[in-house]
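Structure, as structure tokens:
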Amino acid sequence: MTGAAARRGTVAALALVSAAALTLTGCGDQTGSGSSNEGSDSEAPLFSKLPADIQKSGVIKVGTDATYAPMEFKEGEKIVGVDPDIAAALGKQLGVRFEFTSGTFDTLLTALPTGRTDIAMSSITDTKARQEGLDDKGQKTGNGVDFVDYFNAGSIVYVQKGNPKKIASLADLCGKTTAVQRGTTFETVAKTQSEACEKAGKPAVRIESFPTDAEAQTRVKSGGAAAGINDYPVAAHLARTAEGGNAFEIVGDQVDAGPFGIAVDKKNTQLRDALKEALDAVILDGSYKKALDKWGAGTGAVTSAEINGGS
């Protein structure tokens with residue numbers, strides 16, 4: 001959804017860790033990415049770099065919110081998209097299988113310390129606030145996470161096809177109802193724009209925040225909201241595919257472009273470093289580019305892995 005994350009999330013609205021764990025176990029399915037890589041392969045190039053418990057299990061458990069086509073979404077009961085395909089490529093380097101579990105976006109990071117998931121990979125924007133465990137008011141709520149950055153994206157405005165409200169950019173949202181997913185960077189983008197509107201003597205943005213991105217999209221589609229904000233690759237995919245391309249269009253330019261990162265608990269530096277090395281390897285061997293191009297997401301490609309590159 002993100003996005004970037006425009007992108008998904010400045011700081012996820014943090015729930016209790018126990019609630020996060022329940023959400024991940026109670027919502028969604030479990031889908032293995034890279035099914036040809038069942039179990040562990042100790043002969044894989046980077047298998048020895050992994051923590052011993054993951055070598056033993058042969059699985060990296062991934063928390064995601066599978067509602068952000070083309071990044072991660074469901075086809076039937078299978079989770080597919082850019083992120084699962086990148087994970088499958090990483091799995092070949094690491095010799096393990098990535099198992100995706102779909103849950104609620106704003107609990108993905110808080111689930112990491114519980115051990116229910118090893119990583120979160122869900123179009124999550126790498127930000128300093130998330131790295132430091134700060135909420136949207138700058139208050140400390142946890143130890144934070146480390147990110148292995150693998151994609152670049154920004155936020156963009158999308159509207160009903162035909163643009164009936166004649167919105168040309170983010171600045172045109174002053175006084176307009178705008179739909180976003182709760183706990184995302186695009187909610188933060190909307191709040192920042194609202195403050196800018198008021199400073200300019202214009203009406204604030206009327207922000208409607210929803211638990212899921214699908215609900216925000218529905219609000220825009222119905223005309224209840226003049227616009228929505230989303231990660232660029234997600235909004236572009238919506239414009240191309242929803243109702244055969246007849247439901248939405250994107251307007252203006254991307255804003256606040258930055259990296260999506262694979263989130264890892266700060267204590268798990270060995271896994272973080274193994275993922276970075278694997279990402280560099282799949283960029284080099286071309287399987288990373290293949291995964292992006294398959295979903296029309298090549299504009300977000302990075303040339304090398306970076307740890308905690310967000311601002």
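Residues in the structure tokens are numbered from 1 in each chain, the chains being A, B, ... in the order shown, and ligands are numbered from 1 in the order shown.
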(message) With only C-alpha atoms as the counted atoms, please give the residues lying no more than 6 Å from stretch 297-310 of chain A, apart from itself and same-chain residues fewer than 3 positions off, as a PyMOL selection string.
(response) chain A and resi 126-127+147-149+151-153+276+280+292-293
(request) Rank nothing, just name the residue among A:Ala196, A:Ile250, A:Val255, A:Ile79 nearest to A:Thr64, using only C-alpha atoms. (result) A:Ile79
Go through stretch 165-275 of chain A residue by residue and, counting only C-alpha atoms, keep those with an atom at most 7 Å from stretch 104-120 of chain A; for each kept residue give the shortest atom pair and its distance in Å to one decimal, ordered by chain and increasing number, as a Markdown table.
```
| residue | atom | partner | partner_atom | distance |
| --- | --- | --- | --- | --- |
| A:Gly183 | CA | A:Asp106 | CA | 5.7 |
| A:Ile262 | CA | A:Ala120 | CA | 5.9 |
| A:Ala263 | CA | A:Ala120 | CA | 5.0 |
| A:Val264 | CA | A:Ile119 | CA | 5.0 |
| A:Asp265 | CA | A:Leu112 | CA | 5.8 |
```
Suppose we keep all heavy atoms; can you now write the selection as a short mmCIF file (atom, residue, chain, number, x, y, z; two decimals), in the first residue's frame?
```
data_model
loop_
_atom_site.label_atom_id
_atom_site.label_comp_id
_atom_site.auth_asym_id
_atom_site.auth_seq_id
_atom_site.Cartn_x
_atom_site.Cartn_y
_atom_site.Cartn_z
N GLY A 183 -2.59 4.71 9.68
CA GLY A 183 -1.26 4.26 10.08
C GLY A 183 -0.23 4.24 8.97
O GLY A 183 0.82 3.64 9.13
N ILE A 262 12.53 -3.99 4.08
CA ILE A 262 12.19 -5.22 4.80
C ILE A 262 12.53 -4.95 6.26
O ILE A 262 13.67 -4.64 6.60
CB ILE A 262 13.01 -6.41 4.29
CG1 ILE A 262 12.77 -6.63 2.79
CG2 ILE A 262 12.67 -7.68 5.08
CD1 ILE A 262 13.73 -7.63 2.16
N ALA A 263 11.54 -5.03 7.14
CA ALA A 263 11.74 -4.70 8.55
C ALA A 263 12.17 -5.93 9.34
O ALA A 263 11.61 -7.02 9.18
CB ALA A 263 10.46 -4.14 9.15
N VAL A 264 13.18 -5.73 10.18
CA VAL A 264 13.74 -6.80 11.01
C VAL A 264 13.89 -6.27 12.42
O VAL A 264 14.26 -5.11 12.62
CB VAL A 264 15.12 -7.25 10.48
CG1 VAL A 264 15.63 -8.47 11.25
CG2 VAL A 264 15.07 -7.54 8.99
N ASP A 265 13.61 -7.08 13.42
CA ASP A 265 13.81 -6.67 14.81
C ASP A 265 15.27 -6.26 15.02
O ASP A 265 16.19 -6.90 14.49
CB ASP A 265 13.46 -7.83 15.74
CG ASP A 265 13.49 -7.42 17.20
OD1 ASP A 265 12.50 -6.83 17.68
OD2 ASP A 265 14.52 -7.66 17.85
#
```
(request) List every residue of stretch 61-303 of chain A that DSSP, applied to the backbone of this structure, assigns to strand (DSSP E or B), and report them as an MDAnalysis selection string. (result) chainID A and resid 61:64 67:68 72:75 78:80 97:102 119:120 124:125 134 140 145:160 177:181 206:210 227:231 248:265
(request) Quick one: pull the distance between atom CA of A:Gly81 and atom CA of A:Lys290, Å, one decimal. (result)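 According to the coordinates, atom CA of A:Gly81 and atom CA of A:Lys290 are separated by 12.1 Å.
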(message) Please extract the residues of stretch 194-253 of chain A with a backbone DSSP assignment of alpha helix (DSSP H) and present them as a PyMOL selection string.
(response) chain A and resi 194-199+213-222+232-241
Can you tell me which residues surround A:Ala236 at a distance of at most 10 Å, considering only C-alpha atoms, apart from same-chain residues fewer than 2 positions away, and format the answer as a PDB file with C-alpha atoms, in the first residue's frame?
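Saved to result.pdb:
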```
ATOM      1  CA  ALA A  69      -1.575  -4.881  -5.690  1.00  0.00           C
ATOM      2  CA  PRO A  70       0.831  -5.125  -7.377  1.00  0.00           C
ATOM      3  CA  ILE A 156       0.430  10.200  -5.218  1.00  0.00           C
ATOM      4  CA  TYR A 158      -5.768   9.268  -7.156  1.00  0.00           C
ATOM      5  CA  ASN A 230      -1.541   5.906  -2.015  1.00  0.00           C
ATOM      6  CA  ASP A 231       1.873   4.554  -2.940  1.00  0.00           C
ATOM      7  CA  TYR A 232       2.631   5.381  -6.555  1.00  0.00           C
ATOM      8  CA  PRO A 233       2.939   1.754  -7.779  1.00  0.00           C
ATOM      9  CA  VAL A 234      -0.331   0.814  -6.072  1.00  0.00           C
ATOM     10  CA  LEU A 238      -5.381   0.705  -9.629  1.00  0.00           C
ATOM     11  CA  ALA A 239      -5.694   3.196 -12.469  1.00  0.00           C
ATOM     12  CA  ARG A 240      -4.650   0.542 -15.009  1.00  0.00           C
ATOM     13  CA  THR A 241      -6.707  -2.383 -13.764  1.00  0.00           C
ATOM     14  CA  PHE A 248      -9.596   5.647 -11.144  1.00  0.00           C
ATOM     15  CA  GLU A 249      -6.877   7.895 -12.477  1.00  0.00           C
ATOM     16  CA  ILE A 250      -3.790   9.414 -10.859  1.00  0.00           C
ATOM     17  CA  GLY A 296       5.328  -3.265 -14.095  1.00  0.00           C
ATOM     18  CA  ALA A 297       7.182  -1.898 -11.078  1.00  0.00           C
TER      19      ALA A 297
END
```
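Straight-line separation from atom CA of A:Ala89 to atom CA of A:Asp65: 19.9 Å.
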(message) When you look at A:Glu277 with a cut-off of 12 Å (counting only C-alpha atoms), what residues show up, excluding the ones that are within fewer than 2 positions of it in the same chain? I need them as a VMD selection string.
(response) chain A and resid 45 to 50 90 to 91 93 to 94 148 to 150 270 to 275 279 to 284 304 to 307
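As for atom CA of A:Glu187 and atom CA of A:His237, they are spaced 19.5 Å apart.
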(message) So that I can check the surroundings of stretch 214-222 of chain A, please list as a list in words every protein, DNA and RNA residue that reaches within 6 Å of it, counting only C-alpha atoms and ignoring chain neighbours fewer than 6 positions away.
(response)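 Surrounding residues, per the criterion: Gln160, Ala179 and Val180 of chain A.
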Those same residues, written as a PDB file, in the first residue's frame with C-alpha atoms?
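What landed in out_3.pdb:
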```
ATOM      1  CA  GLN A 160     -12.421   8.906  -9.784  1.00  0.00           C
ATOM      2  CA  ALA A 179      -9.521   8.848   1.963  1.00  0.00           C
ATOM      3  CA  VAL A 180      -6.413   7.070   3.274  1.00  0.00           C
TER       4      VAL A 180
END
```
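Minimum atom-to-atom distances from A:Ala66, A:Ala190, A:Ala44, A:Leu170 to A:Val157 were compared using only C-alpha atoms, and the lowest value belongs to A:Leu170.
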